[in-house]
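A.B. asks: Following this message is one structure expressed as structure tokens.
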Amino acid sequence: MTHTADAPEVLWRPEPSRLSDTKIAAFRQWLRTERGVEVDDYDALWEFSVRRGPEFWTAVGDFLGLRWHDRPGEVLTGEMPDARWFEGGTLNYAEHSLMPGVAGAAKADDEIAVLFHREDGLSSQLTFGALRSAVASAREGLRKLGVSKGDRVVALAPNCPQTLIAFLATASLGAIWSSCSPDFGVHAITDRFVQIEPKVLIAVNGYVYNGRWFDSRSTVDSLREQISTLEATVLIDYAGGRLDGTLDWDTLLADNDGAELAFEPVEFGHPLWVLYSSGTTGLPKGIVHGHGGITLEHLKALALQNDLGPGDRFFWFTTTGWMMWNFLVSGLLTGTTIVLYDGSPGSPDLTVLWHLAEQHRVTYFGTSAPYIQSCLKAGIKPAERYDLTALRVLGSTGAPLSVEGFRWIVDEVGKRVQICSVSGGTDLCAGLVGSAPDVPVWLGELSVRALGVAVAAFDEAGKQVVETVGELVITQPMPSMPVFFWNDPDGSRLREAYFEMYPGIWRHGDWIRITGRGSAVIYGRSDSTLNRGGVRMGTAEFYRVVEAFDQVADSLVIDTSEVGNEDGQLLCFLVLAEGASLDEVEPALRKELRRALSPRHVPDRFVQVGAVPRTLNGKKCEVPVKKILSGVSPDRAVSRDALLNPEALVPFVELARS
């Protein structure tokens, strides 16, 4: 599919008066004076960053104040998938989060590091001084429990200060962190945690969501039974209620009050945390990222791409089971105040997060594209109701942001707010395409390829294409690529995941178009592409049309011919809004899909369902449903424990049997 190169409407432009104050402008000047590198605009800087990668990443570290204990030797050795960065160098992620001087941030004792708000109204804040003291106490408590470099600490905990403190304490010891949101089911949690054989579990006794309280203690008991390697469980009193055989979090900190804050120097590639693939079609893959790669990548992203630093208040709606939590807490690297929210984005209604933005004078508001779509459909007008004058950036990820979503942000949040639509992945814990403070925002597009990320679109022959949709690939190594998969000693699972289609090239699994301006459009997952009569189209384009209808609350499109069935059908499953009927909306949908896409992309059938199956992180389960409809048994097609709403599979299973 080829698109014309005509530029769409510009929705936002950087203010010339502010450009000189951005960190990216300061970095370009620094490159000129300190390195003799002339890069006059973002495009030139991006070219430098991918063509001279080792030089770029070294410069980022030097400019933003990377704190080495032992200086590295060679910057980059080997090629993908065996590339290794900064071998011989030692550092610690937690030191960069807590100590002054990184990215020029003072992080004084009285500066606010964390603002916390819970759905039921509970709120608190932590200064950098208080955060350092709490991390030191937690660190000493974990050390006394036998936790040391390389041990695993896991958490069943929400997005709250205690989770952050536990993570930084773990990282400071050189131990390895992993977390799940407390609303995960027991099997989904054990599928993740048992793999990595943790020594300590930190858990809450309950949590609140959507106006209801949930008791977590039976889940904690089940985990203690099933994870044989646990030597201690620390219980955070979050909702009231004790549990025999556990240690109390507050007591652990109080008993170690006044402990010294220290940081274990670890190798650049030493594991920092384990994130997980969705696990929809098998055991979740344990994706391991290193201290150095994440420190460098997140410093670059937050300071240079997002221009965050002291005085900013950075919020992203996320749970601890999504990589955006890891990205959010990295705001501390740049001295930014991070805003943590625990609860439902829709309780009591969809305005709750906008109210939060007003309360805490949020400058960078991050959310998901489905949340934006929900606000649009509900007719929410945030700027009309709340004071959002502090807001300068709105970030969106998790799915492609629709053109209508872009327009809604301009109309209802503000014309002067930069829209940062971002696409990345848990695999790299990074954004691959997104925004920059010195590049415009075009309607429906992600403004730039991220610095240091050699993103390209490849056709099926492995040839790079521009203005044509292709596979999203990364052609050069980057520091935050996984250091390994857990329990993958020969690296075969990692190579199979990313390097099988194009040897030596990272295939990400998304479908992308790079424009002649260097911006990008994401069309959804490439393995769920709609291929009708040889015309390929991304599912995101389909959803943009269908979900623009007020009568449609949600949708799922499946092309069964993609799984080897020559007579396959294009099926569209609809979740209808209250009061809407399929008979009423189907003719209009058919007409609009024919007009907006093509006659080939009008579904053979529309089917009404109660809900769209989604992963625990809220993503539509296109591939598992496609497998079920092609005759694969449900238990082989998807792990129900990896789903947010496993009961939503029932109508698809019944349809496959009919």
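Labels used: A, B, ... for chains in the order of the structure tokens, numbers from 1 for residues in each chain, and numbers from 1 for ligands as shown.
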If you count only C-alpha atoms, which residues fall within 6 Å of Trp177 of chain A, apart from same-chain ones fewer than 6 positions away, as a compact mmCIF listing (two decimals) with C-alpha atoms, in the first residue's frame?
C.D. replies:
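Listing of around-v2.txt after writing:
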```txt
# COMPACT_ATOMS: atom_id res chain seq x y z
CA ARG A 152 15.15 -11.70 42.38
CA VAL A 153 12.59 -9.59 44.25
CA VAL A 154 9.01 -9.70 42.93
CA TRP A 273 14.27 -5.98 35.77
```
A.B. asks: Kindly provide the residues of segment 84-153 of chain A that approach segment 310-327 of chain A to within 9 Å, each paired with its closest atom pair and their distance in Å to one decimal, based on only C-alpha atoms, listed by chain and increasing number, as JSON lines.
C.D. replies:
```
{"residue": "A:Gly104", "atom": "CA", "partner": "A:Pro310", "partner_atom": "CA", "distance": 8.9}
{"residue": "A:Ala105", "atom": "CA", "partner": "A:Pro310", "partner_atom": "CA", "distance": 6.3}
{"residue": "A:Ala106", "atom": "CA", "partner": "A:Pro310", "partner_atom": "CA", "distance": 8.0}
{"residue": "A:Lys107", "atom": "CA", "partner": "A:Pro310", "partner_atom": "CA", "distance": 8.0}
{"residue": "A:Glu111", "atom": "CA", "partner": "A:Pro310", "partner_atom": "CA", "distance": 8.9}
{"residue": "A:Leu115", "atom": "CA", "partner": "A:Arg313", "partner_atom": "CA", "distance": 8.8}
```
A.B. asks: From the set A:Gly309, A:Pro198, A:Pro599, A:Gly211, which residue has the shortest atom-to-atom contact distance to Ser228 of chain A, counting only C-alpha atoms?
C.D. replies: A:Pro198
A.B. asks: Point out the residue among A:Ala378, A:Leu173, A:Leu76, A:Ala369 with the least atom-to-atom distance to Ser396 of chain A, counting only C-alpha atoms.
C.D. replies: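 Of A:Ala378, A:Leu173, A:Leu76, A:Ala369, the one nearest Ser396 of chain A, counting only C-alpha atoms, is A:Ala369.
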A.B. asks: Within 12 Å of Leu350 of chain A, counting only C-alpha atoms, which residues qualify if same-chain residues fewer than 6 places away don't, as a VMD selection string?
C.D. replies: chain A and resid 210 343 to 344 356 370 to 382
A.B. asks: Please provide as a list in words all residues within 8 Å of Leu45 of chain A, with the sequence filter that same-chain residues fewer than 5 positions apart are discarded (counting only C-alpha atoms).
C.D. replies: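 Residues meeting the cut-off are Arg28, Val39, Asp40 and Leu451 of chain A.
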A.B. asks: Output the selection as a PDB file, in the first residue's frame - C-alpha atoms for each residue.
C.D. replies:
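The resulting again.pdb:
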```
ATOM      1  CA  ARG A  28      23.151  20.007  19.714  1.00  0.00           C
ATOM      2  CA  VAL A  39      23.694  18.895  13.540  1.00  0.00           C
ATOM      3  CA  ASP A  40      21.397  21.836  12.862  1.00  0.00           C
ATOM      4  CA  LEU A 451      17.121   9.263  18.518  1.00  0.00           C
TER       5      LEU A 451
END
```
A.B. asks: Please list as a list in words every residue within 8 Å of Val453 of chain A, counting only C-alpha atoms and excluding residues in the same chain fewer than 6 positions away.
C.D. replies: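 So, after excluding close chain neighbours, the residues are Ser49, Val50, Leu432, Ile474, Gln476, Pro477 and Met478 of chain A.
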A.B. asks: Identify which of the residues A:Leu582, A:Ala642, A:Val483, A:Phe167 lies closest to Ala83 of chain A, counting only C-alpha atoms when measuring atom-to-atom distances.
C.D. replies: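 Under the stated criterion, the closest residue is A:Val483.
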A.B. asks: Please determine, counting only C-alpha atoms, which residue among A:Pro603, A:Arg657, A:Pro14, A:Met80 has the shortest atom-to-atom distance to Val632 of chain A.
C.D. replies: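 Checking each candidate against Val632 of chain A, we get A:Arg657 as the closest.
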A.B. asks: Tell me which of A:Ala7, A:Leu296, A:Leu353, A:Leu574 sits closest to Gly518 of chain A, counting only C-alpha atoms.
C.D. replies: A:Ala7
A.B. asks: DSSP on the backbone: what in segment 431-585 of chain A comes out alpha helix (DSSP H), as an MDAnalysis selection string?
C.D. replies: chainID A and resid 492:498 539:546 582:585
A.B. asks: Would you give me, as number ranges by chain, the residues in segment 140-257 of chain A that DSSP reads as strand (DSSP E)?
C.D. replies: A: 152-156, 176-180, 200-204, 206-209, 212-215, 232-236, 247-248
A.B. asks: Since we have the selection now, will you write its residues out, keeping C-alpha atoms, as a PDB file, in the first residue's frame?
C.D. replies:
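Result went into part06.pdb, see below:
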```
ATOM      1  CA  ARG A 152      15.151 -11.697  42.376  1.00  0.00           C
ATOM      2  CA  VAL A 153      12.588  -9.594  44.251  1.00  0.00           C
ATOM      3  CA  VAL A 154       9.014  -9.696  42.930  1.00  0.00           C
ATOM      4  CA  ALA A 155       6.049  -7.495  43.752  1.00  0.00           C
ATOM      5  CA  LEU A 156       2.298  -7.925  43.574  1.00  0.00           C
ATOM      6  CA  ILE A 176      16.579  -8.051  39.900  1.00  0.00           C
ATOM      7  CA  TRP A 177      13.038  -6.649  40.013  1.00  0.00           C
ATOM      8  CA  SER A 178       9.774  -7.901  38.544  1.00  0.00           C
ATOM      9  CA  SER A 179       6.209  -6.782  39.237  1.00  0.00           C
ATOM     10  CA  CYS A 180       2.598  -7.620  38.468  1.00  0.00           C
ATOM     11  CA  VAL A 200      11.440 -12.241  48.302  1.00  0.00           C
ATOM     12  CA  LEU A 201       7.815 -11.357  47.498  1.00  0.00           C
ATOM     13  CA  ILE A 202       6.462  -7.902  48.319  1.00  0.00           C
ATOM     14  CA  ALA A 203       2.666  -7.684  48.156  1.00  0.00           C
ATOM     15  CA  VAL A 204      -0.312  -5.551  49.148  1.00  0.00           C
ATOM     16  CA  GLY A 206      -5.752  -5.455  49.011  1.00  0.00           C
ATOM     17  CA  TYR A 207      -6.488  -2.752  46.475  1.00  0.00           C
ATOM     18  CA  VAL A 208      -9.276  -0.505  45.216  1.00  0.00           C
ATOM     19  CA  TYR A 209     -10.545  -0.405  41.637  1.00  0.00           C
ATOM     20  CA  ARG A 212     -14.696  -1.625  44.924  1.00  0.00           C
ATOM     21  CA  TRP A 213     -12.183  -3.008  47.396  1.00  0.00           C
ATOM     22  CA  PHE A 214     -10.511  -6.351  46.712  1.00  0.00           C
ATOM     23  CA  ASP A 215      -8.729  -8.524  49.279  1.00  0.00           C
ATOM     24  CA  ALA A 232      10.293 -14.128  52.858  1.00  0.00           C
ATOM     25  CA  THR A 233       7.059 -12.281  52.068  1.00  0.00           C
ATOM     26  CA  VAL A 234       6.655  -8.627  52.992  1.00  0.00           C
ATOM     27  CA  LEU A 235       3.057  -7.399  53.245  1.00  0.00           C
ATOM     28  CA  ILE A 236       2.153  -3.762  52.580  1.00  0.00           C
ATOM     29  CA  LEU A 247       6.621  -9.408  57.512  1.00  0.00           C
ATOM     30  CA  ASP A 248       5.102  -5.944  57.782  1.00  0.00           C
TER      31      ASP A 248
END
```
A.B. asks: Please provide the set of residues having any atom within 10 Å of segment 438-445 of chain A, restricted to only C-alpha atoms, with same-chain residues fewer than 3 positions apart removed, written as a PyMOL selection string.
C.D. replies: chain A and resi 7-16+18-20+22+24-25+41-43+305+400-407+418-422+433-435+448+513-515+519-522
A.B. asks: For Tyr341 of chain A, list every protein, DNA or RNA residue within 8 Å, evaluated using only C-alpha atoms, and leave out those in the same chain fewer than 2 positions away; present the list as a PyMOL selection string.
C.D. replies: chain A and resi 116-119+159-160+317-318+339+343
A.B. asks: Which one of A:Leu283, A:Val114, A:Ala239, A:Val545 sits closest to Asp191 of chain A if you count only C-alpha atoms?
C.D. replies: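 Looking at the shortest contact to Asp191 of chain A, the residue is A:Leu283.
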A.B. asks: Counting only C-alpha atoms, which residues in segment 150-209 of chain A sit no more than 12 Å from segment 617-628 of chain A? For each one, give the nearest pair of atoms and the distance in Å, sorted by chain then residue number, as CSV.
C.D. replies:
```
residue,atom,partner,partner_atom,distance
A:Cys180,CA,A:Asn617,CA,10.8
A:Ser181,CA,A:Asn617,CA,9.9
A:Asp183,CA,A:Asn617,CA,10.9
A:Phe184,CA,A:Asn617,CA,10.0
```
A.B. asks: Go ahead and dump the residues you just picked, N, CA, C and O atoms, as a tab-separated table (two decimals), in the first residue's frame.
C.D. replies:
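Below you can see again-v7.tsv, which holds the result:
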```
chain	number	residue	atom	x	y	z
A	180	CYS	N	3.90	-7.41	39.09
A	180	CYS	CA	2.60	-7.62	38.47
A	180	CYS	C	1.58	-6.75	39.20
A	180	CYS	O	1.70	-6.53	40.40
A	181	SER	N	0.58	-6.31	38.47
A	181	SER	CA	-0.52	-5.58	39.07
A	181	SER	C	-1.36	-6.54	39.91
A	181	SER	O	-1.54	-7.71	39.53
A	183	ASP	N	-4.40	-6.98	40.21
A	183	ASP	CA	-5.62	-7.51	39.60
A	183	ASP	C	-5.33	-8.68	38.66
A	183	ASP	O	-6.25	-9.27	38.10
A	184	PHE	N	-4.06	-9.04	38.47
A	184	PHE	CA	-3.73	-10.24	37.70
A	184	PHE	C	-4.25	-11.47	38.43
A	184	PHE	O	-4.24	-11.53	39.66
```
